[in-house]
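Trainee: Following this message is one structure expressed as structure tokens.
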Amino acid sequence: MASVQDVDQQLGCSEEGQAPEFFVPEVLGADHRVPLLSGAWVRQIFLDNAASTKPFRAVSTFLRDMEGYYSNIHRGTGFDSNFCTQRYEEAREIVKRFVGGDPERDIVIPVRNSTEGLNLLATSFDLQPEQIVLTTLLEHHSNDLPWRGKAAVRYVHLRPEDARLDLADLEAQLQAAQGRVRLVAVTGASNITGEVLPVHRVAELAHRHGAQVVIDAAQLAPHRSIDMRPHEDPGHLDFVVFSAHKMNSPYGEGAIVGRRDHFAEAVPYLQGGGTVYSVSLDHVVWADPPDRQEAGTPNVLGLFALGAAIRIYERIGLDRVAAHEAELTRCLLRGMHQIPGLAIFGRSDPEELDDRLGVVTFIVEDVPHQLAAAVLSYEHGIAVRSGCFCAHPLIKHLLGVSREEESSLEQKIRQGDRRFIPGAVRASIGLHNTAEDVERLLVALREIAARRWQGDYAQDVETGEFHPRGFRFDFRNCPAFPDGRPARR
């Protein structure tokens, strides 16, 4: 019968659960062959891991084993419901241990992703207009927009020399607020610059001034170990939120890990089945947390998949993951520094990578970011991402976009013209990537910087994307939805 622990056997771990050496579990689809504009087919280089990662085969296999037992959890009396309930709670504990949550004082609330988790948190605090939420310019929109309109949102500055968080400004704003800061909500690692924030130092400062801290760990969790620390520790992390789809488990799951006492007082984010002990026509007795925040049928298989992926990361060892990615990042940054006209956002010293992830965001002089990304895909088989990466304020800050320029751009957007949206190109390294992947990217970037590409590219006014004239990807031989007819016996 399938168990989360069965992942160990699939990975070839020893009886003690330790991987004998660094290895990369098979990542489905990370290196399949893709067509180029030239007509050739090449092994795809997947460098879009900061957006989403492809699934581990071991996770996919584990889910197939579990599917036949699938049943709704809690209160079902059948074998399958009892079995899935047990595995669901087991996965919840795996999630809590992964980030160092307190066994008794913290709870795990499964959510669809970090965005839903942060929105849930934002509604759970009963914030008042006179209270303050401090966040930073480094944030993904998911850790910025949910706080707006619920309290006064203020932004901690970045250091102008390297775009790192200005801790002195954080402390100054906390002091000036005189106790009105309710929360400090910061990313664990930037999805633009790759900067890893000193989250425990942030927590110390927040707690000193009576505030709690929320960590958006969507980019951090797959790359660095997280330890929430004991509640009595000044550097304790009150709430940590992360997503499975960035951890080689893209099955629609994420998690909040945080204070039980907070959620015991919070109203439900969603209201419905599973959140109550009793309902009458004139009153409701809400359930204790975490059930109070888990309305409706949960993504049972998604949480199973997250638990399995975490077990894989634990067996590999996040220190080993970080070392592997640092080696590739060092090679990438060294090579980029040799390419004329290429500018990197944030810190780019290849010898200073202790607090930096393998997320490298860049622009090529006089080449629109959408065009550079298109050429990488259509002519080199390299999957990256371009745009603002759901962090518009940061991108505009790094590009020096003025308020007047921003207003002009927004007017064009309202008229349906997205060709001039500011942005950059992002290559993000995953644990499956290799030195060969980095070298192929560098070769392609040298060609782009020298204005050498094959296609005649046209830009779509409505999307801003570039496509080579007369060529489109052919998906006819790719998987399609079943036609619904019975399978042949």
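A note on labels: chains of the structure tokens are A, B, ... as shown, every chain counts residues from 1, and ligands are counted from 1 in their shown order.
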Please extract the residues of stretch 246-336 of chain A with a backbone DSSP assignment of helix (DSSP H, G or I) and present them as an MDAnalysis selection string.
Mentor: chainID A and resid 246 260:265 291:293 300:316 318:336
Trainee: Neighbouring residues of stretch 226-230 of chain A were defined as those with any atom within 12 Å, considering only C-alpha atoms; residues of the same chain fewer than 3 positions away were excluded. Please report them as a compact mmCIF listing (two decimals) with N, CA and C atoms, in the first residue's frame.
Mentor:
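Output file selection_2.txt is given in full below:
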# COMPACT_ATOMS: atom_id res chain seq x y z
N VAL A 95 5.00 18.72 6.09
CA VAL A 95 5.11 20.14 5.72
C VAL A 95 5.58 20.95 6.92
N LYS A 96 5.00 20.71 8.08
CA LYS A 96 5.35 21.49 9.27
C LYS A 96 6.82 21.29 9.64
N ARG A 97 7.26 20.04 9.63
CA ARG A 97 8.67 19.76 9.99
C ARG A 97 9.63 20.37 8.98
N PHE A 98 9.23 20.44 7.72
CA PHE A 98 10.10 20.94 6.66
C PHE A 98 10.55 22.37 6.92
N VAL A 99 9.69 23.17 7.54
CA VAL A 99 10.06 24.57 7.80
C VAL A 99 10.32 24.82 9.29
N GLY A 100 10.41 23.76 10.07
CA GLY A 100 10.73 23.92 11.48
C GLY A 100 9.61 24.50 12.31
N GLY A 101 8.36 24.19 11.96
CA GLY A 101 7.23 24.66 12.75
C GLY A 101 7.14 23.97 14.09
N ASP A 102 6.59 24.66 15.07
CA ASP A 102 6.42 24.09 16.41
C ASP A 102 5.35 23.00 16.36
N PRO A 103 5.62 21.82 16.90
CA PRO A 103 4.67 20.71 16.81
C PRO A 103 3.31 21.03 17.40
N GLU A 104 3.25 21.85 18.46
CA GLU A 104 1.99 22.14 19.13
C GLU A 104 1.47 23.54 18.85
N ARG A 105 2.36 24.50 18.74
CA ARG A 105 1.91 25.90 18.67
C ARG A 105 1.70 26.41 17.25
N ASP A 106 2.16 25.65 16.25
CA ASP A 106 1.94 26.02 14.86
C ASP A 106 1.02 25.02 14.19
N GLY A 188 11.09 35.77 1.21
CA GLY A 188 12.29 35.08 1.68
C GLY A 188 13.42 35.21 0.69
N ALA A 189 13.08 35.30 -0.60
CA ALA A 189 14.07 35.47 -1.66
C ALA A 189 13.37 36.11 -2.85
N VAL A 196 18.53 36.61 -1.24
CA VAL A 196 17.98 35.92 -0.07
C VAL A 196 17.99 36.90 1.08
N LEU A 197 16.82 37.15 1.64
CA LEU A 197 16.71 38.16 2.70
C LEU A 197 17.09 37.58 4.06
N PRO A 198 17.61 38.42 4.95
CA PRO A 198 17.93 37.98 6.32
C PRO A 198 16.66 37.94 7.16
N VAL A 199 15.84 36.92 6.94
CA VAL A 199 14.49 36.91 7.50
C VAL A 199 14.49 36.88 9.03
N HIS A 200 15.48 36.23 9.63
CA HIS A 200 15.49 36.19 11.10
C HIS A 200 15.86 37.54 11.69
N ALA A 203 12.76 39.50 11.47
CA ALA A 203 11.84 39.09 12.54
C ALA A 203 12.24 39.70 13.88
N GLU A 204 13.52 39.73 14.19
CA GLU A 204 13.98 40.33 15.44
C GLU A 204 13.55 41.78 15.54
N VAL A 213 5.71 38.78 11.84
CA VAL A 213 6.36 38.71 10.54
C VAL A 213 5.76 37.59 9.70
N VAL A 214 5.54 37.91 8.43
CA VAL A 214 5.05 36.96 7.43
C VAL A 214 6.13 36.80 6.37
N ILE A 215 6.49 35.55 6.08
CA ILE A 215 7.52 35.29 5.07
C ILE A 215 6.89 34.61 3.86
N ASP A 216 6.98 35.27 2.71
CA ASP A 216 6.60 34.65 1.44
C ASP A 216 7.80 33.83 0.99
N ALA A 217 7.72 32.52 1.21
CA ALA A 217 8.85 31.63 0.94
C ALA A 217 8.71 30.89 -0.38
N ALA A 218 7.91 31.42 -1.30
CA ALA A 218 7.69 30.72 -2.57
C ALA A 218 9.00 30.47 -3.31
N GLN A 219 9.90 31.47 -3.35
CA GLN A 219 11.19 31.28 -4.01
C GLN A 219 12.24 30.67 -3.09
N LEU A 220 12.06 30.84 -1.80
CA LEU A 220 13.08 30.38 -0.85
C LEU A 220 13.02 28.88 -0.61
N ALA A 221 11.82 28.35 -0.43
CA ALA A 221 11.67 26.97 0.04
C ALA A 221 12.36 25.92 -0.82
N PRO A 222 12.37 26.04 -2.17
CA PRO A 222 13.03 25.01 -2.96
C PRO A 222 14.55 25.09 -2.97
N HIS A 223 15.12 26.15 -2.38
CA HIS A 223 16.54 26.40 -2.56
C HIS A 223 17.34 26.52 -1.26
N ASP A 233 12.16 32.52 20.56
CA ASP A 233 13.34 33.08 19.90
C ASP A 233 12.98 34.43 19.28
N PRO A 234 13.77 35.48 19.51
CA PRO A 234 13.45 36.79 18.91
C PRO A 234 13.37 36.74 17.38
N GLY A 235 14.10 35.80 16.77
CA GLY A 235 14.08 35.69 15.31
C GLY A 235 13.05 34.72 14.78
N HIS A 236 12.09 34.32 15.62
CA HIS A 236 11.04 33.38 15.21
C HIS A 236 10.24 33.93 14.04
N LEU A 237 9.93 33.06 13.09
CA LEU A 237 9.08 33.43 11.96
C LEU A 237 7.64 33.05 12.29
N ASP A 238 6.77 34.04 12.35
CA ASP A 238 5.39 33.79 12.78
C ASP A 238 4.60 33.02 11.74
N PHE A 239 4.81 33.36 10.46
CA PHE A 239 4.05 32.72 9.39
C PHE A 239 4.97 32.52 8.19
N VAL A 240 4.92 31.33 7.61
CA VAL A 240 5.67 31.01 6.40
C VAL A 240 4.69 30.45 5.38
N VAL A 241 4.78 30.95 4.16
CA VAL A 241 3.87 30.52 3.08
C VAL A 241 4.72 30.09 1.89
N PHE A 242 4.38 28.94 1.30
CA PHE A 242 5.11 28.51 0.10
C PHE A 242 4.23 27.65 -0.78
N VAL A 257 2.17 27.85 7.19
CA VAL A 257 2.55 27.30 8.49
C VAL A 257 2.66 28.48 9.44
N GLY A 258 1.88 28.44 10.52
CA GLY A 258 1.90 29.59 11.41
C GLY A 258 1.16 29.36 12.70
N ARG A 259 0.98 30.42 13.43
CA ARG A 259 0.56 30.40 14.82
C ARG A 259 -0.87 29.88 14.99
N GLU A 314 14.40 16.62 1.12
CA GLU A 314 15.10 16.30 2.36
C GLU A 314 16.16 15.23 2.13
N LEU A 318 19.06 20.16 1.15
CA LEU A 318 18.99 21.50 0.57
C LEU A 318 20.35 22.19 0.51
N ASP A 319 21.27 21.81 1.39
CA ASP A 319 22.62 22.36 1.29
C ASP A 319 23.28 21.91 -0.02
Trainee: Just want the 10 Å neighbourhood of A:Ile132, counted on only C-alpha atoms, with same-chain residues fewer than 5 positions away dropped. Output as a list in words.
Mentor: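 Selected residues are Leu127, Trp147, Lys150, Ala151, Ala152, Val153, Arg154, Leu174, Ala177, Gly179, Arg180, Val181, Arg182, Leu183, Val184 and Ala211 of chain A.
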Trainee: Using only C-alpha atoms, find the one residue out of A:Tyr155, A:Trp286, A:Phe304, A:Phe471 that sits nearest to A:Pro110.
Mentor: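 Nearest candidate to A:Pro110 out of A:Tyr155, A:Trp286, A:Phe304, A:Phe471: A:Phe304.
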Trainee: Could you tell me how far atom CA of A:Ile192 lies from atom CA of A:Asp48, in Å and to one decimal?
Mentor: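 Atom-to-atom, atom CA of A:Ile192 to atom CA of A:Asp48, that is 12.2 Å.
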